[in-house]
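Okay, entry31.txt is below, compact mmCIF, C-alpha atoms and all ligand atoms:
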```txt
# COMPACT_ATOMS: atom_id res chain seq x y z
CA MET S 11 119.78 129.12 82.98
CA THR S 12 116.51 130.87 83.78
CA PHE S 13 113.92 129.38 86.12
CA HIS S 14 110.41 130.84 86.09
CA ILE S 15 108.02 129.97 88.92
CA LEU S 16 104.29 130.55 88.61
CA THR S 17 102.66 130.56 92.05
CA ILE S 18 99.96 132.08 94.23
CA PHE S 19 102.58 132.39 97.04
CA PRO S 20 105.45 134.45 95.55
CA GLU S 21 106.75 135.35 99.05
CA PHE S 22 107.38 131.67 99.72
CA PHE S 23 110.59 131.63 97.67
CA THR S 24 112.56 134.41 99.38
CA GLY S 25 113.76 131.85 101.96
CA PRO S 26 114.90 128.79 99.97
CA PHE S 27 116.77 130.74 97.28
CA SER S 28 118.66 133.20 99.48
CA HIS S 29 121.10 130.59 100.81
CA GLY S 30 123.91 128.39 99.63
CA VAL S 31 124.61 127.14 96.14
CA VAL S 32 121.52 128.57 94.43
CA SER S 33 121.92 132.06 95.87
CA ARG S 34 125.65 132.20 94.98
CA ALA S 35 124.95 131.01 91.43
CA ALA S 36 122.24 133.65 91.05
CA ALA S 37 124.56 136.37 92.38
CA THR S 38 127.25 135.47 89.81
CA GLY S 39 124.70 135.37 86.98
CA LEU S 40 124.97 131.63 86.31
CA LEU S 41 121.25 131.34 86.84
CA GLU S 42 118.24 133.59 87.18
CA ILE S 43 115.07 132.89 89.15
CA ARG S 44 111.95 134.84 88.25
CA ILE S 45 108.89 134.52 90.47
CA HIS S 46 105.50 135.26 88.88
CA ASN S 47 102.31 135.83 90.85
CA LEU S 48 99.46 133.88 89.22
CA ARG S 49 96.95 136.50 90.46
CA ASP S 50 98.54 139.04 88.08
CA TRP S 51 96.74 137.19 85.27
CA THR S 52 93.25 137.17 86.77
CA THR S 53 90.59 139.40 85.26
CA ASP S 54 87.80 139.52 87.89
CA ARG S 55 87.81 141.94 90.80
CA HIS S 56 88.32 139.14 93.35
CA LYS S 57 91.44 137.94 91.48
CA SER S 58 90.14 134.37 91.68
CA VAL S 59 92.50 131.61 90.59
CA ASP S 60 90.36 128.63 91.60
CA ASP S 61 86.86 127.22 91.14
CA ARG S 62 84.74 124.19 92.13
CA PRO S 63 85.38 120.85 90.40
CA PHE S 64 83.00 119.70 87.66
CA GLY S 65 81.23 116.52 88.78
CA GLY S 66 81.33 117.60 92.42
CA GLY S 67 83.67 116.69 95.26
CA GLU S 68 85.88 118.20 97.91
CA GLY S 69 88.10 121.23 97.48
CA MET S 70 88.88 123.70 94.74
CA VAL S 71 90.76 123.42 91.47
CA LEU S 72 93.14 125.95 89.87
CA LYS S 73 91.43 127.43 86.79
CA PRO S 74 93.15 127.04 83.41
CA GLY S 75 92.61 130.66 82.22
CA PRO S 76 95.12 132.59 84.41
CA ILE S 77 97.72 129.80 84.04
CA PHE S 78 97.57 129.80 80.20
CA GLU S 79 97.56 133.62 80.12
CA ALA S 80 100.59 133.75 82.43
CA VAL S 81 102.67 131.23 80.46
CA GLU S 82 101.77 132.90 77.15
CA SER S 83 102.86 136.29 78.50
CA ILE S 84 106.08 134.96 80.12
CA TRP S 85 106.96 133.08 76.89
CA PRO S 86 105.13 134.91 74.06
CA ASP S 87 107.11 132.97 71.41
CA ARG S 88 106.20 129.56 72.80
CA ARG S 89 105.07 127.35 69.91
CA PRO S 90 101.32 126.96 70.33
CA GLY S 91 100.15 123.38 69.86
CA SER S 92 103.49 121.98 71.00
CA PRO S 93 102.92 121.47 74.72
CA GLY S 94 105.64 122.53 77.05
CA GLY S 95 108.34 123.83 74.77
CA SER S 96 109.45 127.44 74.42
CA GLU S 97 110.92 128.72 71.15
CA ASP S 98 114.56 128.18 72.14
CA GLY S 99 114.95 125.28 74.55
CA GLY S 100 112.66 125.64 77.52
CA LYS S 101 110.09 123.46 79.23
CA VAL S 102 106.86 124.09 81.11
CA LEU S 103 106.56 121.72 84.07
CA LEU S 104 103.55 121.19 86.30
CA LEU S 105 104.33 120.26 89.92
CA SER S 106 101.54 118.04 91.16
CA ALA S 107 100.97 115.07 93.44
CA GLN S 108 99.77 113.17 90.34
CA GLY S 109 103.06 113.60 88.47
CA ARG S 110 105.92 111.43 87.27
CA LEU S 111 108.40 110.79 90.11
CA PHE S 112 111.32 113.26 90.02
CA ASP S 113 114.79 111.69 90.14
CA GLN S 114 118.45 112.46 89.38
CA ALA S 115 118.13 111.38 85.73
CA MET S 116 115.30 113.89 85.29
CA ALA S 117 117.40 116.60 86.98
CA ASN S 118 120.27 115.85 84.57
CA ARG S 119 117.98 116.14 81.54
CA LEU S 120 116.38 119.36 82.78
CA SER S 121 119.81 120.94 83.40
CA ARG S 122 120.37 120.95 79.62
CA GLU S 123 117.39 123.27 79.00
CA ALA S 124 117.90 127.02 78.61
CA GLU S 125 114.79 127.86 80.66
CA LEU S 126 112.25 126.08 82.84
CA LEU S 127 108.82 127.34 83.82
CA LEU S 128 107.48 125.61 86.93
CA ILE S 129 103.77 125.82 87.65
CA CYS S 130 102.99 125.22 91.33
CA GLY S 131 99.79 123.27 91.92
CA ARG S 132 97.58 124.20 94.89
CA TYR S 133 94.25 123.25 96.47
CA GLU S 134 92.84 119.90 95.36
CA GLY S 135 94.57 120.15 92.00
CA VAL S 136 94.95 121.89 88.64
CA ASP S 137 92.55 121.80 85.69
CA GLU S 138 93.71 118.83 83.60
CA ARG S 139 94.01 120.94 80.42
CA VAL S 140 97.18 122.45 81.89
CA ALA S 141 98.84 119.01 82.02
CA GLU S 142 97.38 118.07 78.64
CA HIS S 143 97.99 121.17 76.53
CA LEU S 144 100.47 123.44 78.33
CA ALA S 145 103.02 121.43 80.34
CA ALA S 146 105.71 119.19 78.81
CA ASP S 147 105.64 117.04 81.94
CA GLU S 148 103.85 116.67 85.28
CA ILE S 149 106.23 116.07 88.19
CA SER S 150 105.88 114.84 91.78
CA ILE S 151 108.88 114.87 94.14
CA GLY S 152 107.81 111.84 96.19
CA ASN S 153 105.12 109.60 97.59
CA TYR S 154 103.82 111.86 100.33
CA VAL S 155 101.18 114.58 100.47
CA LEU S 156 102.33 118.22 100.40
CA SER S 157 100.04 121.25 100.57
CA GLY S 158 101.11 122.52 97.18
CA GLY S 159 103.81 122.62 94.52
CA GLU S 160 105.95 125.42 95.99
CA LEU S 161 108.24 123.25 98.14
CA ALA S 162 108.49 120.80 95.24
CA ALA S 163 109.51 123.59 92.83
CA ALA S 164 112.26 124.67 95.24
CA VAL S 165 113.49 121.05 95.41
CA VAL S 166 113.57 120.68 91.61
CA ILE S 167 115.40 124.00 91.17
CA ASP S 168 118.00 123.10 93.81
CA ALA S 169 118.65 119.71 92.19
CA VAL S 170 118.95 121.19 88.67
CA ALA S 171 120.90 124.34 89.64
CA ARG S 172 123.77 122.44 91.26
CA LEU S 173 124.34 120.56 87.97
CA LEU S 174 124.88 123.72 85.90
CA PRO S 175 128.43 124.26 84.62
CA GLY S 176 130.30 126.55 87.02
CA VAL S 177 127.84 126.28 89.90
CA LEU S 178 129.77 123.80 92.06
CA GLY S 179 132.99 124.25 90.11
CA ASN S 180 131.79 121.47 87.79
CA GLU S 181 133.16 123.12 84.65
CA SER S 182 132.77 120.09 82.42
CA SER S 183 129.26 118.83 82.91
CA ALA S 184 130.01 115.56 81.07
CA ALA S 185 132.77 114.62 83.51
CA PHE S 186 130.54 115.62 86.35
CA GLU S 187 127.70 113.38 85.24
CA SER S 188 129.71 110.17 85.61
CA PHE S 189 130.36 111.28 89.18
CA GLN S 190 126.60 111.50 89.75
CA GLU S 191 126.40 107.74 90.25
CA THR S 192 128.30 107.95 93.54
CA GLY S 193 126.95 111.42 94.35
CA HIS S 194 123.86 109.31 94.52
CA GLY S 195 121.88 109.64 91.38
CA GLN S 196 121.07 105.94 91.85
CA GLY S 197 123.66 103.19 92.34
CA LEU S 198 124.84 102.72 95.93
CA LEU S 199 124.46 105.19 98.76
CA ASP S 200 127.59 107.14 99.56
CA CYS S 201 129.84 105.60 102.23
CA PRO S 202 129.63 106.96 105.82
CA HIS S 203 132.00 109.78 106.77
CA TRP S 204 133.78 110.69 110.00
CA THR S 205 135.79 113.71 111.10
CA ARG S 206 137.61 114.73 114.28
CA PRO S 207 137.63 113.91 117.10
CA ALA S 208 138.70 110.30 116.50
CA ASP S 209 137.03 109.42 119.81
CA PHE S 210 133.73 111.20 120.49
CA ARG S 211 132.03 110.20 123.76
CA GLY S 212 133.70 106.81 123.49
CA TRP S 213 132.47 106.20 119.92
CA LYS S 214 135.62 105.58 117.90
CA VAL S 215 136.25 106.21 114.21
CA PRO S 216 137.05 102.92 112.37
CA GLU S 217 140.77 102.23 112.80
CA VAL S 218 141.36 101.49 109.10
CA LEU S 219 140.54 105.12 108.15
CA LEU S 220 143.45 106.31 110.28
CA ASN S 221 146.14 103.92 109.00
CA GLY S 222 146.95 105.63 105.66
CA ASN S 223 146.51 102.45 103.57
CA HIS S 224 144.48 103.91 100.71
CA GLU S 225 143.66 100.62 98.99
CA GLU S 226 142.38 99.17 102.27
CA ILE S 227 140.40 102.36 102.92
CA ARG S 228 138.81 102.18 99.45
CA ARG S 229 137.66 98.56 99.99
CA PHE S 230 136.42 99.37 103.50
CA ARG S 231 134.34 102.32 102.25
CA GLN S 232 132.90 100.21 99.44
CA ARG S 233 131.83 97.53 101.92
CA LEU S 234 130.21 100.09 104.28
CA ALA S 235 128.40 101.69 101.32
CA ARG S 236 126.99 98.29 100.30
CA GLU S 237 125.98 97.45 103.88
CA LYS S 238 124.29 100.81 104.43
CA THR S 239 122.50 100.55 101.08
CA ALA S 240 121.24 97.04 101.93
CA ARG S 241 119.93 98.32 105.27
CA LEU S 242 118.36 101.66 104.25
CA ARG S 243 117.81 101.41 100.48
CA PRO S 244 117.44 97.76 99.39
CA ASP S 245 115.57 99.06 96.33
CA LEU S 246 118.87 100.51 95.01
CA LEU S 247 120.65 97.13 95.24
CA ALA S 248 117.92 95.50 93.18
CA ALA S 249 118.49 98.12 90.45
CA GLU S 250 122.30 97.86 90.40
CA PRO S 251 124.35 98.65 88.39
CA GLY S 252 122.61 102.06 88.35
CA ASP S 253 122.69 104.40 85.41
CA ALA S 254 121.97 108.03 86.07
CA GLU S 255 121.39 108.90 82.37
C1 LIG B 1 92.23 113.53 97.98
C2 LIG B 1 93.66 113.47 97.59
N1 LIG B 1 94.26 114.79 97.54
C3 LIG B 1 94.67 115.33 98.85
C4 LIG B 1 95.02 114.41 99.92
C5 LIG B 1 95.33 114.77 96.54
C6 LIG B 1 96.27 115.92 96.59
C7 LIG B 1 95.93 117.15 96.04
C8 LIG B 1 96.84 118.20 96.09
C9 LIG B 1 97.50 115.76 97.18
C10 LIG B 1 98.41 116.82 97.23
C11 LIG B 1 98.08 118.03 96.69
C12 LIG B 1 99.06 119.15 96.72
N2 LIG B 1 100.40 118.66 96.36
C13 LIG B 1 101.08 119.16 95.35
O1 LIG B 1 100.63 120.09 94.70
C14 LIG B 1 102.36 118.57 94.98
C15 LIG B 1 103.05 117.43 95.50
C16 LIG B 1 102.76 116.50 96.54
O2 LIG B 1 101.75 116.56 97.26
N3 LIG B 1 103.65 115.48 96.78
C17 LIG B 1 104.79 115.34 96.07
N4 LIG B 1 105.11 116.17 95.09
C18 LIG B 1 104.25 117.20 94.82
S1 LIG B 1 104.48 118.34 93.63
C19 LIG B 1 103.08 119.14 93.95
```

For this file, produce the structure as structure tokens.
Ligand code: 9D3
Amino acid sequence: MTFHILTIFPEFFTGPFSHGVVSRAAATGLLEIRIHNLRDWTTDRHKSVDDRPFGGGEGMVLKPGPIFEAVESIWPDRRPGSPGGSEDGGKVLLLSAQGRLFDQAMANRLSREAELLLICGRYEGVDERVAEHLAADEISIGNYVLSGGELAAAVVIDAVARLLPGVLGNESSAAFESFQETGHGQGLLDCPHWTRPADFRGWKVPEVLLNGNHEEIRRFRQRLAREKTARLRPDLLAAEPGDAE
């Protein structure tokens, strides 16, 4: 799978993608990440990507021109008039605070695309014609204010990349998807885990985990998962039984 990122901060992504699962998958050719500098598609000598909002107000807005030019040069065969889609299974996504909330079901759907092109919002926002006529969807990663779409793009790519066949050793993606429910794509939170030492500073690991009775251990873990979910994520219990799509 190929991920394209359109950003005014291309240096930002050297960190997040040079570690762990994503970096290993890129090294083995299971995925490719291509960073594109939005300023490469500006035409004025100041390379300006933003301008003041019509109607007045605080802050600056990303201009539509360089963004459309960039996407049309990255995907020259993109069907014009069909927002978001490339010729052969790709999607343009706009990362913005005004977007649809990203979740595991969305990550699952996106992992079936051949390519994604993520546009990182900045400043006070992005000219609405990008959401209307260029992007297939507008995505937010949560109800908090970030300074721009770059961190959000890294989050989306991490969540999608680990679902790709071969990336985590999940050869059959269908089998893997049913596992998503406990891997926390909704449903209950995972149960708590402990490792050695069995006694750490006087805090002891629950005795039942040490007794080798696997049926008892299974029921115990299920109860702890329900209790922890009720305490930290009551919203998930209301939605149960969860389906991760
Ligand atoms: C006056 C209200 N604005 C600032 C407080 C709204 C606003 C504009 C631009 C809020 C955030 C941003 C920049 N954020 C993103 O581009 C962004 C984002 C986010 O802020 N939260 C969660 N997901 C995302 S994805 C992109």

Determine, using all atoms listed in the file, which residues of chain S have any atom at most 8 Å from an atom of ligand LIG 1 (chain B), and tabulate each with its shortest atom pair and distance in Å to one decimal place, rows ordered by chain and then rising number, as JSON lines.
```
{"residue": "S:Glu68", "atom": "CA", "partner": "B:LIG1", "partner_atom": "C1", "distance": 7.9}
{"residue": "S:Leu104", "atom": "CA", "partner": "B:LIG1", "partner_atom": "S1", "distance": 7.9}
{"residue": "S:Leu105", "atom": "CA", "partner": "B:LIG1", "partner_atom": "S1", "distance": 4.2}
{"residue": "S:Ser106", "atom": "CA", "partner": "B:LIG1", "partner_atom": "C19", "distance": 3.4}
{"residue": "S:Ala107", "atom": "CA", "partner": "B:LIG1", "partner_atom": "C15", "distance": 3.8}
{"residue": "S:Gln108", "atom": "CA", "partner": "B:LIG1", "partner_atom": "C15", "distance": 7.5}
{"residue": "S:Gly109", "atom": "CA", "partner": "B:LIG1", "partner_atom": "S1", "distance": 7.1}
{"residue": "S:Cys130", "atom": "CA", "partner": "B:LIG1", "partner_atom": "O1", "distance": 6.6}
{"residue": "S:Gly131", "atom": "CA", "partner": "B:LIG1", "partner_atom": "O1", "distance": 4.3}
{"residue": "S:Arg132", "atom": "CA", "partner": "B:LIG1", "partner_atom": "O1", "distance": 5.1}
{"residue": "S:Tyr133", "atom": "CA", "partner": "B:LIG1", "partner_atom": "C8", "distance": 5.7}
{"residue": "S:Glu134", "atom": "CA", "partner": "B:LIG1", "partner_atom": "C7", "distance": 4.2}
{"residue": "S:Gly135", "atom": "CA", "partner": "B:LIG1", "partner_atom": "C8", "distance": 5.1}
{"residue": "S:Ile149", "atom": "CA", "partner": "B:LIG1", "partner_atom": "S1", "distance": 6.1}
{"residue": "S:Ser150", "atom": "CA", "partner": "B:LIG1", "partner_atom": "N4", "distance": 3.6}
{"residue": "S:Ile151", "atom": "CA", "partner": "B:LIG1", "partner_atom": "N4", "distance": 4.1}
{"residue": "S:Gly152", "atom": "CA", "partner": "B:LIG1", "partner_atom": "C17", "distance": 4.6}
{"residue": "S:Asn153", "atom": "CA", "partner": "B:LIG1", "partner_atom": "C17", "distance": 5.9}
{"residue": "S:Tyr154", "atom": "CA", "partner": "B:LIG1", "partner_atom": "N3", "distance": 5.1}
{"residue": "S:Val155", "atom": "CA", "partner": "B:LIG1", "partner_atom": "O2", "distance": 3.8}
{"residue": "S:Leu156", "atom": "CA", "partner": "B:LIG1", "partner_atom": "O2", "distance": 3.6}
{"residue": "S:Ser157", "atom": "CA", "partner": "B:LIG1", "partner_atom": "C12", "distance": 4.5}
{"residue": "S:Gly158", "atom": "CA", "partner": "B:LIG1", "partner_atom": "O1", "distance": 3.5}
{"residue": "S:Gly159", "atom": "CA", "partner": "B:LIG1", "partner_atom": "C19", "distance": 3.6}
{"residue": "S:Glu160", "atom": "CA", "partner": "B:LIG1", "partner_atom": "C19", "distance": 7.2}
{"residue": "S:Leu161", "atom": "CA", "partner": "B:LIG1", "partner_atom": "S1", "distance": 7.7}
{"residue": "S:Ala162", "atom": "CA", "partner": "B:LIG1", "partner_atom": "S1", "distance": 5.0}
{"residue": "S:Ala163", "atom": "CA", "partner": "B:LIG1", "partner_atom": "S1", "distance": 7.3}
```

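Near Leu103 in chain S, within 8 Å and counting all atoms listed in the file, sit S:Gly94, S:Lys101, S:Leu105, S:Leu126, S:Leu127, S:Leu128, S:Ile129, S:Ala145, S:Ala146, S:Asp147, S:Glu148, S:Ile149, not including residues fewer than 2 positions from it in the same chain.
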
Save out the residues we just selected, C-alpha atoms, as a PDB file, keeping the file's coordinate frame.
```pdb
ATOM      1  CA  GLY S  94     105.640 122.530  77.050  1.00  0.00           C
ATOM      2  CA  LYS S 101     110.090 123.460  79.230  1.00  0.00           C
ATOM      3  CA  LEU S 105     104.330 120.260  89.920  1.00  0.00           C
ATOM      4  CA  LEU S 126     112.250 126.080  82.840  1.00  0.00           C
ATOM      5  CA  LEU S 127     108.820 127.340  83.820  1.00  0.00           C
ATOM      6  CA  LEU S 128     107.480 125.610  86.930  1.00  0.00           C
ATOM      7  CA  ILE S 129     103.770 125.820  87.650  1.00  0.00           C
ATOM      8  CA  ALA S 145     103.020 121.430  80.340  1.00  0.00           C
ATOM      9  CA  ALA S 146     105.710 119.190  78.810  1.00  0.00           C
ATOM     10  CA  ASP S 147     105.640 117.040  81.940  1.00  0.00           C
ATOM     11  CA  GLU S 148     103.850 116.670  85.280  1.00  0.00           C
ATOM     12  CA  ILE S 149     106.230 116.070  88.190  1.00  0.00           C
TER      13      ILE S 149
END
```

From CA of Phe78 in chain S to CA of Ala141 in chain S the spacing works out at 11.0 Å

Taken to one decimal, the CA of Gly95 in chain S-CA of Arg62 in chain S distance is 29.3 Å

The distance between CA of Ile15 in chain S and CA of Asn47 in chain S is 8.4 Å

Contact residues around Gly99 in chain S with all atoms listed in the file at 12 Å, ignoring same-chain residues under 2 positions, as a list in words:
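In the requested form, the answer reads Met11, Thr12, Trp85, Asp87, Arg88, Arg89, Gly94, Gly95, Ser96, Glu97, Lys101, Val102, Arg119, Leu120, Ser121, Arg122, Glu123, Ala124, Glu125, Leu126, Leu127 and Ala146 of chain S.
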
Of S:His143, S:Arg236, S:Arg211, S:His29, the one nearest to Pro90 in chain S when counting all atoms listed in the file is S:His143

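Closest approach to Leu16 in chain S among S:Leu40, S:Val81, S:Leu178, S:Ala240 is made by S:Val81 (distances from only C-alpha atoms).
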
task = May I ask which of the residues S:Met116, S:Ala249, S:Leu144, S:Ile227 is the closest one to Pro74 in chain S, counting only C-alpha atoms?
result =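 Once distances to Pro74 in chain S are computed over only C-alpha atoms, the minimum belongs to S:Leu144.
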
Would you mind completing range 158-169 of chain S to all heavy atoms and writing the output as a PDB file, in the frame of the given file?
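Full text of rebuild_37.pdb as output:
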```
ATOM      1  N   GLY S 158     101.077 121.851  98.462  1.00  0.00           N
ATOM      2  CA  GLY S 158     101.110 122.520  97.180  1.00  0.00           C
ATOM      3  C   GLY S 158     102.447 122.307  96.503  1.00  0.00           C
ATOM      4  O   GLY S 158     103.330 121.642  97.056  1.00  0.00           O
ATOM      5  N   GLY S 159     102.622 122.872  95.315  1.00  0.00           N
ATOM      6  CA  GLY S 159     103.810 122.620  94.520  1.00  0.00           C
ATOM      7  C   GLY S 159     105.016 123.487  94.842  1.00  0.00           C
ATOM      8  O   GLY S 159     106.088 123.275  94.282  1.00  0.00           O
ATOM      9  N   GLU S 160     104.864 124.474  95.758  1.00  0.00           N
ATOM     10  CA  GLU S 160     105.950 125.420  95.990  1.00  0.00           C
ATOM     11  C   GLU S 160     107.210 124.753  96.542  1.00  0.00           C
ATOM     12  O   GLU S 160     108.318 124.978  96.033  1.00  0.00           O
ATOM     13  CB  GLU S 160     105.491 126.554  96.924  1.00  0.00           C
ATOM     14  CG  GLU S 160     104.661 127.633  96.229  1.00  0.00           C
ATOM     15  CD  GLU S 160     103.209 127.204  95.961  1.00  0.00           C
ATOM     16  OE1 GLU S 160     102.783 126.150  96.486  1.00  0.00           O
ATOM     17  OE2 GLU S 160     102.510 127.936  95.232  1.00  0.00           O
ATOM     18  N   LEU S 161     107.071 123.953  97.599  1.00  0.00           N
ATOM     19  CA  LEU S 161     108.240 123.250  98.140  1.00  0.00           C
ATOM     20  C   LEU S 161     108.855 122.345  97.084  1.00  0.00           C
ATOM     21  O   LEU S 161     110.079 122.256  96.960  1.00  0.00           O
ATOM     22  CB  LEU S 161     107.834 122.401  99.362  1.00  0.00           C
ATOM     23  CG  LEU S 161     107.903 123.097 100.705  1.00  0.00           C
ATOM     24  CD1 LEU S 161     107.261 122.226 101.780  1.00  0.00           C
ATOM     25  CD2 LEU S 161     109.356 123.383 101.069  1.00  0.00           C
ATOM     26  N   ALA S 162     108.009 121.699  96.289  1.00  0.00           N
ATOM     27  CA  ALA S 162     108.490 120.800  95.240  1.00  0.00           C
ATOM     28  C   ALA S 162     109.279 121.583  94.187  1.00  0.00           C
ATOM     29  O   ALA S 162     110.331 121.127  93.722  1.00  0.00           O
ATOM     30  CB  ALA S 162     107.325 120.059  94.602  1.00  0.00           C
ATOM     31  N   ALA S 163     108.810 122.768  93.820  1.00  0.00           N
ATOM     32  CA  ALA S 163     109.510 123.590  92.830  1.00  0.00           C
ATOM     33  C   ALA S 163     110.895 123.978  93.355  1.00  0.00           C
ATOM     34  O   ALA S 163     111.883 123.942  92.618  1.00  0.00           O
ATOM     35  CB  ALA S 163     108.698 124.840  92.498  1.00  0.00           C
ATOM     36  N   ALA S 164     110.965 124.314  94.648  1.00  0.00           N
ATOM     37  CA  ALA S 164     112.260 124.670  95.240  1.00  0.00           C
ATOM     38  C   ALA S 164     113.208 123.469  95.209  1.00  0.00           C
ATOM     39  O   ALA S 164     114.402 123.617  94.937  1.00  0.00           O
ATOM     40  CB  ALA S 164     112.059 125.167  96.676  1.00  0.00           C
ATOM     41  N   VAL S 165     112.679 122.281  95.453  1.00  0.00           N
ATOM     42  CA  VAL S 165     113.490 121.050  95.410  1.00  0.00           C
ATOM     43  C   VAL S 165     114.026 120.816  94.002  1.00  0.00           C
ATOM     44  O   VAL S 165     115.221 120.562  93.801  1.00  0.00           O
ATOM     45  CB  VAL S 165     112.656 119.835  95.897  1.00  0.00           C
ATOM     46  CG1 VAL S 165     113.336 118.529  95.552  1.00  0.00           C
ATOM     47  CG2 VAL S 165     112.398 119.936  97.400  1.00  0.00           C
ATOM     48  N   VAL S 166     113.160 120.915  93.009  1.00  0.00           N
ATOM     49  CA  VAL S 166     113.570 120.680  91.610  1.00  0.00           C
ATOM     50  C   VAL S 166     114.636 121.700  91.200  1.00  0.00           C
ATOM     51  O   VAL S 166     115.660 121.345  90.604  1.00  0.00           O
ATOM     52  CB  VAL S 166     112.345 120.739  90.662  1.00  0.00           C
ATOM     53  CG1 VAL S 166     112.788 120.791  89.204  1.00  0.00           C
ATOM     54  CG2 VAL S 166     111.428 119.549  90.909  1.00  0.00           C
ATOM     55  N   ILE S 167     114.433 122.965  91.549  1.00  0.00           N
ATOM     56  CA  ILE S 167     115.400 124.000  91.170  1.00  0.00           C
ATOM     57  C   ILE S 167     116.744 123.774  91.849  1.00  0.00           C
ATOM     58  O   ILE S 167     117.799 123.900  91.219  1.00  0.00           O
ATOM     59  CB  ILE S 167     114.833 125.407  91.464  1.00  0.00           C
ATOM     60  CG1 ILE S 167     113.705 125.703  90.469  1.00  0.00           C
ATOM     61  CG2 ILE S 167     115.923 126.478  91.392  1.00  0.00           C
ATOM     62  CD1 ILE S 167     112.964 126.996  90.714  1.00  0.00           C
ATOM     63  N   ASP S 168     116.736 123.385  93.112  1.00  0.00           N
ATOM     64  CA  ASP S 168     118.000 123.100  93.810  1.00  0.00           C
ATOM     65  C   ASP S 168     118.745 121.960  93.123  1.00  0.00           C
ATOM     66  O   ASP S 168     119.948 122.052  92.862  1.00  0.00           O
ATOM     67  CB  ASP S 168     117.733 122.764  95.277  1.00  0.00           C
ATOM     68  CG  ASP S 168     119.016 122.693  96.082  1.00  0.00           C
ATOM     69  OD1 ASP S 168     119.640 121.621  96.135  1.00  0.00           O
ATOM     70  OD2 ASP S 168     119.411 123.738  96.639  1.00  0.00           O
ATOM     71  N   ALA S 169     118.020 120.891  92.804  1.00  0.00           N
ATOM     72  CA  ALA S 169     118.650 119.710  92.190  1.00  0.00           C
ATOM     73  C   ALA S 169     119.204 120.017  90.808  1.00  0.00           C
ATOM     74  O   ALA S 169     120.265 119.520  90.436  1.00  0.00           O
ATOM     75  CB  ALA S 169     117.638 118.557  92.116  1.00  0.00           C
TER      76      ALA S 169
END
```
